Amino acid sequence: MNSIRKHPRLRLWSSRVSSLLLLVQRSPIIQLILPEAKILGGSAIADTATIAITTVVGLGAYDSVSGATSVVQVSPLANSAIVPAAIGSTLSFVYKNSNSDTPGTYQLASGTLPAGVTKSSTIGSGRTQVISGVPTATGAFPITLTAWEFSNNTGRSTSGSFTIYVMGFSTQPAATTSINSGSTATLTCAVTGAAAGATLAYQWYQGASGTTTTAVGTNSSSFTTPPLAVATNYWVKVSSTLSTSTVSVNSNTATVNVTGTVPAAVGSQPASTTVNYGGTATLSITSTGSAPLTYQWYQGMSGDTSIPISNSNSLSFTTPALIANTSYWVKVSNSVNPTGAISNTATVTVRNPFDSWMFVSGSGVPSNQNGPWDIPLGDGFPNILKYAFNLNPNIPDIRKLTVGAGNTAGLPGTALVSGKLRIEFIRRKGSPGITYTPQFGSNPSGWANATILNAPTSIDSTWERVVVDDPAPAGGRRFGRVAVTQVP
(Lines give C-alpha, C1' and ligand atoms only; values in the text may rest on other atoms or scores of the structure.)
Protein backbone atom coordinates (compact mmCIF):
# COMPACT_ATOMS: atom_id res chain seq x y z
CA MET A 1 0.00 0.00 0.00
CA ASN A 2 1.25 3.49 -0.80
CA SER A 3 2.43 5.66 2.03
CA ILE A 4 0.09 8.39 3.26
CA ARG A 5 1.23 11.87 2.34
CA LYS A 6 -0.07 15.45 2.72
CA HIS A 7 -1.94 16.43 -0.45
CA PRO A 8 -1.33 19.87 -1.90
CA ARG A 9 -5.05 20.60 -1.81
CA LEU A 10 -5.79 20.08 1.89
CA ARG A 11 -9.22 20.81 3.24
CA LEU A 12 -9.60 21.94 6.84
CA TRP A 13 -12.60 20.69 8.78
CA SER A 14 -13.48 21.48 12.39
CA SER A 15 -16.20 20.01 14.50
CA ARG A 16 -17.32 19.89 18.10
CA VAL A 17 -19.32 16.72 17.94
CA SER A 18 -18.30 14.97 14.77
CA SER A 19 -17.48 11.26 15.38
CA LEU A 20 -16.54 10.32 11.78
CA LEU A 21 -14.70 12.17 9.05
CA LEU A 22 -14.90 11.09 5.40
CA LEU A 23 -12.95 12.46 2.48
CA VAL A 24 -13.39 11.51 -1.19
CA GLN A 25 -10.24 12.89 -2.69
CA ARG A 26 -9.77 10.83 -5.94
CA SER A 27 -10.70 7.48 -7.44
CA PRO A 28 -10.58 4.84 -6.10
CA ILE A 29 -12.48 5.92 -2.97
CA ILE A 30 -10.42 5.99 0.20
CA GLN A 31 -12.10 6.32 3.58
CA LEU A 32 -10.17 7.75 6.48
CA ILE A 33 -12.09 7.15 9.69
CA LEU A 34 -11.01 8.73 12.97
CA PRO A 35 -12.77 7.59 16.13
CA GLU A 36 -14.06 10.56 18.20
CA ALA A 37 -12.47 9.29 21.37
CA LYS A 38 -9.02 9.66 19.89
CA ILE A 39 -9.63 13.13 18.48
CA LEU A 40 -11.35 14.82 21.34
CA GLY A 41 -9.17 15.18 24.35
CA GLY A 42 -11.59 17.45 26.14
CA SER A 43 -14.29 20.02 25.58
CA ALA A 44 -11.85 22.82 25.11
CA ILE A 45 -9.95 20.94 22.50
CA ALA A 46 -13.16 19.90 20.83
CA ASP A 47 -14.20 23.48 20.43
CA THR A 48 -11.08 24.39 18.57
CA ALA A 49 -10.03 21.06 16.98
CA THR A 50 -8.86 21.51 13.50
CA ILE A 51 -8.29 18.28 11.67
CA ALA A 52 -6.29 18.06 8.45
CA ILE A 53 -7.71 15.37 6.20
CA THR A 54 -5.29 13.59 3.93
CA THR A 55 -5.77 11.04 1.19
CA VAL A 56 -3.90 8.14 -0.39
CA VAL A 57 -2.22 9.15 -3.60
CA GLY A 58 -0.53 7.21 -6.39
CA LEU A 59 -2.92 4.25 -6.64
CA GLY A 60 -2.20 2.45 -9.90
CA ALA A 61 -2.24 -0.91 -11.61
CA TYR A 62 -0.11 -2.69 -9.06
CA ASP A 63 -1.85 -2.11 -5.70
CA SER A 64 -3.54 -5.10 -4.15
CA VAL A 65 -6.54 -3.25 -2.78
CA SER A 66 -10.15 -2.96 -3.86
CA GLY A 67 -10.21 -1.40 -7.26
CA ALA A 68 -6.70 -2.49 -8.25
CA THR A 69 -6.32 -3.96 -11.72
CA SER A 70 -5.11 -7.35 -13.05
CA VAL A 71 -3.71 -9.09 -16.14
CA VAL A 72 -6.62 -9.91 -18.49
CA GLN A 73 -7.04 -11.75 -21.81
CA VAL A 74 -7.56 -9.69 -24.93
CA SER A 75 -7.91 -12.57 -27.41
CA PRO A 76 -8.89 -15.16 -28.50
CA LEU A 77 -11.50 -15.00 -25.67
CA ALA A 78 -11.60 -11.49 -24.15
CA ASN A 79 -11.75 -11.20 -20.35
CA SER A 80 -11.86 -15.00 -19.90
CA ALA A 81 -9.54 -17.20 -17.88
CA ILE A 82 -9.84 -19.90 -20.57
CA VAL A 83 -7.57 -19.84 -23.62
CA PRO A 84 -8.82 -22.25 -26.35
CA ALA A 85 -6.25 -23.76 -28.72
CA ALA A 86 -5.84 -26.75 -31.03
CA ILE A 87 -2.87 -28.96 -31.78
CA GLY A 88 -1.32 -28.12 -35.13
CA SER A 89 -3.02 -24.68 -35.33
CA THR A 90 -1.39 -21.33 -34.56
CA LEU A 91 -2.20 -19.93 -31.12
CA SER A 92 -2.06 -16.17 -30.47
CA PHE A 93 -2.95 -15.51 -26.84
CA VAL A 94 -2.92 -11.71 -26.29
CA TYR A 95 -3.12 -10.28 -22.76
CA LYS A 96 -2.62 -6.90 -21.10
CA ASN A 97 -2.68 -4.96 -17.86
CA SER A 98 -6.29 -3.77 -17.51
CA ASN A 99 -5.17 -0.42 -16.04
CA SER A 100 -3.85 2.34 -18.28
CA ASP A 101 -0.35 1.88 -16.90
CA THR A 102 2.20 0.07 -19.07
CA PRO A 103 4.13 -2.58 -17.09
CA GLY A 104 7.86 -2.78 -17.18
CA THR A 105 7.77 -6.58 -17.40
CA TYR A 106 5.31 -9.43 -17.91
CA GLN A 107 6.41 -12.63 -16.16
CA LEU A 108 5.26 -16.25 -16.54
CA ALA A 109 5.04 -16.61 -12.77
CA SER A 110 3.86 -20.23 -12.62
CA GLY A 111 2.88 -23.13 -14.89
CA THR A 112 4.30 -24.52 -18.12
CA LEU A 113 3.39 -23.53 -21.64
CA PRO A 114 2.35 -26.23 -24.15
CA ALA A 115 5.19 -27.62 -26.28
CA GLY A 116 5.60 -25.52 -29.42
CA VAL A 117 4.38 -22.30 -27.73
CA THR A 118 6.54 -19.43 -26.42
CA LYS A 119 6.02 -16.13 -24.58
CA SER A 120 7.09 -12.89 -26.25
CA SER A 121 9.63 -10.70 -24.48
CA THR A 122 8.32 -7.42 -25.88
CA ILE A 123 5.36 -5.29 -24.80
CA GLY A 124 3.29 -3.88 -27.63
CA SER A 125 0.96 -0.97 -27.97
CA GLY A 126 -2.02 -0.97 -25.65
CA ARG A 127 0.07 -2.63 -22.89
CA THR A 128 -0.27 -6.02 -24.64
CA GLN A 129 2.00 -9.02 -24.87
CA VAL A 130 1.56 -12.32 -26.78
CA ILE A 131 2.03 -16.03 -26.14
CA SER A 132 2.10 -17.69 -29.56
CA GLY A 133 3.16 -20.74 -31.55
CA VAL A 134 1.79 -24.03 -32.87
CA PRO A 135 1.04 -26.40 -29.95
CA THR A 136 2.33 -29.94 -30.37
CA ALA A 137 0.92 -31.44 -27.15
CA THR A 138 -2.68 -31.74 -26.02
CA GLY A 139 -4.07 -31.12 -22.55
CA ALA A 140 -4.83 -28.36 -20.03
CA PHE A 141 -1.98 -26.01 -19.10
CA PRO A 142 -2.71 -23.67 -16.12
CA ILE A 143 -0.45 -20.62 -15.93
CA THR A 144 -0.15 -17.36 -13.98
CA LEU A 145 1.01 -14.13 -15.67
CA THR A 146 2.30 -11.25 -13.53
CA ALA A 147 2.67 -7.61 -14.61
CA TRP A 148 5.54 -5.84 -12.83
CA GLU A 149 5.86 -2.06 -12.42
CA PHE A 150 9.50 -2.02 -13.50
CA SER A 151 11.83 -4.17 -15.59
CA ASN A 152 13.47 -7.33 -14.28
CA ASN A 153 10.32 -8.25 -12.34
CA THR A 154 10.69 -5.49 -9.78
CA GLY A 155 8.42 -2.95 -8.14
CA ARG A 156 4.76 -3.48 -7.46
CA SER A 157 2.83 -6.19 -9.33
CA THR A 158 -0.53 -7.67 -10.23
CA SER A 159 -1.41 -11.05 -11.78
CA GLY A 160 -3.95 -13.04 -13.74
CA SER A 161 -4.49 -16.81 -13.92
CA PHE A 162 -5.39 -18.64 -17.13
CA THR A 163 -5.68 -22.18 -18.48
CA ILE A 164 -4.58 -22.92 -22.05
CA TYR A 165 -6.61 -25.85 -23.40
CA VAL A 166 -5.00 -27.59 -26.40
CA MET A 167 -7.44 -29.89 -28.19
CA GLY A 168 -6.29 -32.86 -30.28
CA PHE A 169 -7.21 -36.42 -31.20
CA SER A 170 -6.85 -39.15 -28.61
CA THR A 171 -8.19 -41.64 -31.17
CA GLN A 172 -7.81 -41.16 -34.92
CA PRO A 173 -10.05 -42.94 -37.42
CA ALA A 174 -8.36 -46.23 -38.41
CA ALA A 175 -5.76 -45.48 -41.07
CA THR A 176 -6.71 -48.57 -43.11
CA THR A 177 -9.85 -50.70 -43.01
CA SER A 178 -10.69 -53.59 -45.34
CA ILE A 179 -14.22 -54.65 -46.18
CA ASN A 180 -15.90 -56.97 -48.63
CA SER A 181 -17.28 -55.40 -51.79
CA GLY A 182 -20.77 -54.04 -51.09
CA SER A 183 -20.18 -53.83 -47.34
CA THR A 184 -19.92 -50.82 -45.01
CA ALA A 185 -17.28 -49.70 -42.51
CA THR A 186 -17.65 -47.68 -39.30
CA LEU A 187 -14.96 -45.08 -38.52
CA THR A 188 -14.62 -43.52 -35.06
CA CYS A 189 -12.61 -40.78 -33.38
CA ALA A 190 -12.18 -39.14 -29.98
CA VAL A 191 -10.62 -35.84 -28.90
CA THR A 192 -8.96 -34.66 -25.72
CA GLY A 193 -7.96 -31.25 -24.35
CA ALA A 194 -11.15 -29.38 -25.34
CA ALA A 195 -11.77 -26.23 -23.29
CA ALA A 196 -13.95 -26.70 -20.23
CA GLY A 197 -17.58 -25.98 -21.12
CA ALA A 198 -16.96 -25.96 -24.86
CA THR A 199 -19.35 -27.51 -27.38
CA LEU A 200 -17.89 -30.09 -29.78
CA ALA A 201 -19.05 -30.49 -33.37
CA TYR A 202 -18.03 -33.20 -35.85
CA GLN A 203 -18.03 -33.00 -39.65
CA TRP A 204 -16.96 -35.99 -41.74
CA TYR A 205 -15.72 -35.59 -45.31
CA GLN A 206 -14.96 -37.90 -48.20
CA GLY A 207 -11.49 -37.45 -49.66
CA ALA A 208 -8.03 -36.77 -48.31
CA SER A 209 -7.63 -34.88 -45.04
CA GLY A 210 -8.27 -31.16 -45.57
CA THR A 211 -10.50 -31.64 -48.66
CA THR A 212 -13.93 -30.23 -47.78
CA THR A 213 -15.74 -30.56 -51.11
CA THR A 214 -17.79 -33.62 -50.11
CA ALA A 215 -19.32 -33.50 -46.63
CA VAL A 216 -20.78 -36.78 -45.37
CA GLY A 217 -22.29 -38.15 -42.19
CA THR A 218 -23.86 -36.40 -39.23
CA ASN A 219 -22.59 -34.50 -36.19
CA SER A 220 -21.16 -37.58 -34.47
CA SER A 221 -17.84 -39.00 -33.35
CA SER A 222 -18.49 -42.04 -35.58
CA PHE A 223 -19.41 -42.45 -39.23
CA THR A 224 -20.67 -45.50 -41.11
CA THR A 225 -19.85 -45.50 -44.80
CA PRO A 226 -22.35 -46.45 -47.48
CA PRO A 227 -21.83 -49.85 -49.19
CA LEU A 228 -18.55 -49.52 -51.11
CA ALA A 229 -17.29 -51.18 -54.28
CA VAL A 230 -13.96 -49.32 -54.51
CA ALA A 231 -11.42 -48.02 -52.02
CA THR A 232 -12.51 -44.65 -50.55
CA ASN A 233 -10.87 -42.06 -48.25
CA TYR A 234 -12.53 -40.22 -45.37
CA TRP A 235 -11.55 -37.79 -42.60
CA VAL A 236 -13.23 -35.77 -39.85
CA LYS A 237 -12.98 -32.18 -38.63
CA VAL A 238 -13.74 -31.62 -34.93
CA SER A 239 -14.56 -28.07 -33.78
CA SER A 240 -14.71 -26.78 -30.21
CA THR A 241 -16.75 -23.61 -29.57
CA LEU A 242 -16.72 -21.57 -26.37
CA SER A 243 -18.49 -18.21 -26.47
CA THR A 244 -17.02 -16.32 -29.45
CA SER A 245 -14.01 -18.61 -29.96
CA THR A 246 -13.89 -21.72 -32.16
CA VAL A 247 -10.85 -23.95 -32.69
CA SER A 248 -10.72 -27.12 -34.78
CA VAL A 249 -8.53 -30.12 -35.61
CA ASN A 250 -8.42 -32.26 -38.75
CA SER A 251 -7.94 -36.01 -38.51
CA ASN A 252 -5.63 -38.10 -40.63
CA THR A 253 -6.96 -39.72 -43.77
CA ALA A 254 -8.75 -43.03 -43.24
CA THR A 255 -8.71 -45.40 -46.22
CA VAL A 256 -11.41 -48.05 -46.57
CA ASN A 257 -10.11 -50.79 -48.87
CA VAL A 258 -12.45 -53.14 -50.70
CA THR A 259 -11.12 -56.71 -50.79
CA GLY A 260 -12.22 -59.92 -52.51
CA THR A 261 -15.50 -61.67 -51.87
CA VAL A 262 -14.43 -65.20 -50.83
CA PRO A 263 -14.98 -65.93 -47.12
CA ALA A 264 -12.39 -67.81 -45.09
CA ALA A 265 -12.98 -71.58 -44.87
CA VAL A 266 -11.16 -74.70 -43.67
CA GLY A 267 -10.04 -77.04 -46.47
CA SER A 268 -8.46 -80.23 -45.13
CA GLN A 269 -9.05 -80.85 -41.43
CA PRO A 270 -6.35 -81.37 -38.77
CA ALA A 271 -5.73 -85.11 -38.24
CA SER A 272 -5.68 -86.88 -34.90
CA THR A 273 -2.43 -88.66 -34.10
CA THR A 274 -0.55 -90.65 -31.43
CA VAL A 275 2.77 -89.70 -29.83
CA ASN A 276 5.07 -91.20 -27.22
CA TYR A 277 4.97 -90.01 -23.64
CA GLY A 278 6.65 -86.58 -23.52
CA GLY A 279 6.56 -86.24 -27.33
CA THR A 280 5.15 -83.49 -29.56
CA ALA A 281 2.79 -83.53 -32.55
CA THR A 282 2.46 -81.19 -35.53
CA LEU A 283 -1.11 -80.49 -36.66
CA SER A 284 -1.92 -78.75 -39.94
CA ILE A 285 -4.81 -77.76 -42.23
CA THR A 286 -5.40 -76.21 -45.62
CA SER A 287 -7.67 -73.19 -46.05
CA THR A 288 -9.45 -71.13 -48.71
CA GLY A 289 -10.65 -67.52 -48.90
CA SER A 290 -9.56 -64.05 -49.93
CA ALA A 291 -6.27 -62.91 -48.43
CA PRO A 292 -5.20 -61.99 -45.90
CA LEU A 293 -6.19 -65.03 -43.83
CA THR A 294 -5.56 -65.27 -40.10
CA TYR A 295 -5.35 -68.41 -37.96
CA GLN A 296 -5.92 -69.01 -34.26
CA TRP A 297 -5.33 -72.42 -32.68
CA TYR A 298 -7.05 -73.47 -29.46
CA GLN A 299 -6.65 -76.29 -26.95
CA GLY A 300 -9.89 -78.12 -26.26
CA MET A 301 -12.87 -79.33 -28.24
CA SER A 302 -13.90 -77.54 -31.45
CA GLY A 303 -15.62 -74.22 -30.63
CA ASP A 304 -14.16 -73.92 -27.11
CA THR A 305 -12.17 -70.66 -27.14
CA SER A 306 -11.20 -70.67 -23.44
CA ILE A 307 -7.57 -71.77 -24.09
CA PRO A 308 -6.11 -69.90 -27.09
CA ILE A 309 -2.59 -70.83 -28.20
CA SER A 310 -0.32 -67.78 -28.36
CA ASN A 311 1.72 -67.06 -31.49
CA SER A 312 -0.21 -69.62 -33.55
CA ASN A 313 -1.17 -67.59 -36.65
CA SER A 314 -0.19 -70.32 -39.10
CA LEU A 315 -1.57 -73.23 -41.11
CA SER A 316 0.30 -75.62 -38.80
CA PHE A 317 0.90 -75.89 -35.08
CA THR A 318 3.38 -77.97 -33.08
CA THR A 319 2.21 -78.98 -29.63
CA PRO A 320 4.36 -78.73 -26.51
CA ALA A 321 5.69 -81.97 -24.96
CA LEU A 322 2.62 -83.97 -23.92
CA ILE A 323 2.14 -86.49 -21.09
CA ALA A 324 -1.65 -86.80 -21.44
CA ASN A 325 -4.17 -86.98 -24.29
CA THR A 326 -4.94 -83.44 -25.54
CA SER A 327 -7.30 -82.01 -28.17
CA TYR A 328 -6.81 -79.01 -30.47
CA TRP A 329 -8.67 -77.08 -33.20
CA VAL A 330 -8.18 -73.96 -35.33
CA LYS A 331 -10.25 -70.99 -36.52
CA VAL A 332 -9.58 -69.33 -39.92
CA SER A 333 -10.87 -65.80 -40.62
CA ASN A 334 -10.61 -62.90 -43.06
CA SER A 335 -12.38 -59.57 -43.65
CA VAL A 336 -15.22 -61.31 -45.47
CA ASN A 337 -15.68 -63.84 -42.66
CA PRO A 338 -14.47 -62.01 -39.53
CA THR A 339 -16.18 -64.46 -37.16
CA GLY A 340 -14.10 -67.28 -38.67
CA ALA A 341 -14.49 -70.84 -39.93
CA ILE A 342 -14.02 -73.58 -37.31
CA SER A 343 -12.11 -76.81 -37.88
CA ASN A 344 -12.85 -80.26 -36.47
CA THR A 345 -11.19 -81.43 -33.26
CA ALA A 346 -7.82 -83.19 -33.58
CA THR A 347 -6.91 -85.39 -30.60
CA VAL A 348 -3.31 -86.19 -29.80
CA THR A 349 -3.23 -89.54 -28.01
CA VAL A 350 -0.23 -90.06 -25.73
CA ARG A 351 1.08 -93.57 -25.18
CA ASN A 352 1.71 -94.47 -21.55
CA PRO A 353 5.36 -94.33 -20.50
CA PHE A 354 5.94 -98.09 -20.74
CA ASP A 355 4.30 -98.37 -24.18
CA SER A 356 6.33 -95.40 -25.39
CA TRP A 357 9.55 -97.10 -24.25
CA MET A 358 8.55 -100.39 -25.82
CA PHE A 359 7.60 -98.60 -29.07
CA VAL A 360 11.18 -97.31 -29.36
CA SER A 361 13.44 -99.64 -27.36
CA GLY A 362 11.52 -102.87 -27.96
CA SER A 363 11.24 -102.56 -31.69
CA GLY A 364 12.46 -106.16 -32.09
CA VAL A 365 9.87 -107.64 -29.72
CA PRO A 366 6.90 -109.40 -31.43
CA SER A 367 3.67 -107.45 -31.07
CA ASN A 368 2.07 -110.35 -29.21
CA GLN A 369 4.90 -110.31 -26.65
CA ASN A 370 5.23 -106.57 -25.93
CA GLY A 371 3.00 -106.39 -22.85
CA PRO A 372 4.46 -105.30 -19.53
CA TRP A 373 4.49 -108.80 -18.04
CA ASP A 374 5.47 -110.70 -21.19
CA ILE A 375 8.89 -112.43 -21.22
CA PRO A 376 9.61 -112.56 -24.97
CA LEU A 377 13.23 -113.78 -24.65
CA GLY A 378 12.70 -116.40 -21.96
CA ASP A 379 15.33 -114.89 -19.66
CA GLY A 380 12.97 -114.83 -16.70
CA PHE A 381 12.56 -111.03 -16.61
CA PRO A 382 9.33 -109.43 -17.90
CA ASN A 383 9.39 -106.31 -20.06
CA ILE A 384 8.22 -104.08 -17.20
CA LEU A 385 11.35 -104.88 -15.15
CA LYS A 386 13.61 -104.12 -18.09
CA TYR A 387 11.76 -100.79 -18.46
CA ALA A 388 12.18 -100.14 -14.74
CA PHE A 389 15.90 -100.92 -14.55
CA ASN A 390 17.21 -99.75 -17.95
CA LEU A 391 17.73 -103.23 -19.42
CA ASN A 392 17.61 -104.02 -23.15
CA PRO A 393 14.27 -105.67 -24.11
CA ASN A 394 15.71 -107.09 -27.35
CA ILE A 395 18.37 -109.37 -25.82
CA PRO A 396 18.56 -111.70 -22.79
CA ASP A 397 19.75 -108.87 -20.53
CA ILE A 398 20.03 -109.98 -16.87
CA ARG A 399 22.69 -107.57 -15.64
CA LYS A 400 22.84 -106.83 -11.94
CA LEU A 401 24.19 -103.74 -10.19
CA THR A 402 27.27 -103.92 -8.01
CA VAL A 403 26.74 -101.83 -4.90
CA GLY A 404 28.99 -98.77 -5.01
CA ALA A 405 30.31 -99.48 -8.53
CA GLY A 406 28.28 -96.72 -10.23
CA ASN A 407 26.54 -98.96 -12.78
CA THR A 408 23.85 -97.22 -14.87
CA ALA A 409 21.78 -100.28 -15.84
CA GLY A 410 20.88 -103.54 -14.18
CA LEU A 411 18.71 -105.25 -11.62
CA PRO A 412 19.01 -104.12 -7.98
CA GLY A 413 22.25 -105.14 -6.24
CA THR A 414 22.75 -106.09 -2.59
CA ALA A 415 25.66 -106.03 -0.17
CA LEU A 416 26.39 -106.27 3.57
CA VAL A 417 27.43 -102.93 5.00
CA SER A 418 28.26 -102.79 8.72
CA GLY A 419 26.49 -106.11 9.16
CA LYS A 420 23.25 -104.87 7.60
CA LEU A 421 21.76 -105.59 4.19
CA ARG A 422 21.96 -102.74 1.65
CA ILE A 423 20.00 -102.49 -1.64
CA GLU A 424 21.13 -100.24 -4.47
CA PHE A 425 18.95 -99.71 -7.55
CA ILE A 426 18.39 -97.21 -10.33
CA ARG A 427 14.98 -95.75 -11.12
CA ARG A 428 13.38 -93.42 -13.64
CA LYS A 429 13.09 -89.86 -12.39
CA GLY A 430 9.47 -89.22 -11.48
CA SER A 431 8.81 -92.95 -11.94
CA PRO A 432 6.48 -92.38 -14.95
CA GLY A 433 4.00 -95.25 -15.26
CA ILE A 434 5.42 -97.35 -12.41
CA THR A 435 6.26 -97.30 -8.71
CA TYR A 436 9.39 -98.58 -6.97
CA THR A 437 9.05 -99.97 -3.44
CA PRO A 438 12.18 -101.29 -1.63
CA GLN A 439 11.30 -104.06 0.83
CA PHE A 440 13.12 -106.22 3.44
CA GLY A 441 12.13 -109.41 5.21
CA SER A 442 13.44 -112.30 7.33
CA ASN A 443 12.12 -114.85 4.82
CA PRO A 444 11.06 -114.77 1.16
CA SER A 445 7.38 -114.89 2.05
CA GLY A 446 7.16 -111.89 4.38
CA TRP A 447 8.11 -108.37 3.31
CA ALA A 448 8.02 -104.93 4.89
CA ASN A 449 8.37 -101.66 3.02
CA ALA A 450 11.53 -99.69 3.72
CA THR A 451 11.82 -95.92 3.87
CA ILE A 452 14.31 -94.20 1.56
CA LEU A 453 16.16 -91.98 3.99
CA ASN A 454 18.81 -90.40 1.75
CA ALA A 455 18.16 -88.30 -1.33
CA PRO A 456 18.70 -90.19 -4.62
CA THR A 457 21.79 -89.35 -6.67
CA SER A 458 21.15 -88.04 -10.19
CA ILE A 459 22.71 -90.01 -13.05
CA ASP A 460 21.33 -88.10 -16.08
CA SER A 461 18.08 -86.48 -17.22
CA THR A 462 16.21 -89.81 -17.00
CA TRP A 463 17.82 -91.88 -14.25
CA GLU A 464 18.78 -91.57 -10.59
CA ARG A 465 20.48 -93.91 -8.08
CA VAL A 466 18.79 -95.02 -4.83
CA VAL A 467 20.50 -96.65 -1.84
CA VAL A 468 18.42 -98.23 0.98
CA ASP A 469 19.67 -99.94 4.15
CA ASP A 470 17.73 -102.63 6.03
CA PRO A 471 16.11 -100.94 9.03
CA ALA A 472 16.25 -104.18 11.11
CA PRO A 473 19.10 -104.75 13.61
CA ALA A 474 22.18 -106.51 12.27
CA GLY A 475 22.29 -110.28 12.53
CA GLY A 476 20.16 -113.17 11.34
CA ARG A 477 19.00 -114.02 7.85
CA ARG A 478 17.60 -111.06 5.84
CA PHE A 479 16.23 -110.76 2.35
CA GLY A 480 15.76 -107.68 0.14
CA ARG A 481 13.94 -106.81 -3.05
CA VAL A 482 12.46 -103.88 -5.05
CA ALA A 483 8.78 -104.30 -5.95
CA VAL A 484 7.83 -102.72 -9.29
CA THR A 485 4.16 -101.93 -9.84
CA GLN A 486 2.63 -100.60 -13.06
CA VAL A 487 0.44 -97.51 -12.61
CA PRO A 488 -2.90 -97.94 -14.44
# chains A, B, ... in the order shown; residues from 1 in each chain; ligands from 1
call {"tool": "residues_around", "arguments": {"residues": "range 242-252 of chain A", "least_positions_apart": "6", "cutoff": "8 Å", "atoms": "only C-alpha atoms", "output": "PyMOL selection string"}}
result
chain A and resi 76-77+84-89+167-169+172-173+175+195+197-199+209-210+235-236
call {"tool": "residues_around", "arguments": {"residues": "Pro471 in chain A", "least_positions_apart": "6", "cutoff": "9 Å", "atoms": "only C-alpha atoms", "output": "ChimeraX atom specification"}}
result
/A:420-421,440,450-451
call {"tool": "closest_residue", "arguments": {"among": "A:Ile143, A:Leu385, A:Val258, A:Ala190", "to": "Thr177 in chain A", "atoms": "only C-alpha atoms"}}
result
A:Val258
call {"tool": "residues_around", "arguments": {"residues": "Trp204 in chain A", "least_positions_apart": "3", "cutoff": "12 Å", "atoms": "only C-alpha atoms", "output": "ChimeraX atom specification"}}
result
/A:173,186-189,201,207-225,233-239,249-254
call {"tool": "closest_residue", "arguments": {"among": "A:Val417, A:Val117, A:Ala455, A:Ile164", "to": "Ser132 in chain A", "atoms": "only C-alpha atoms"}}
result
A:Val117
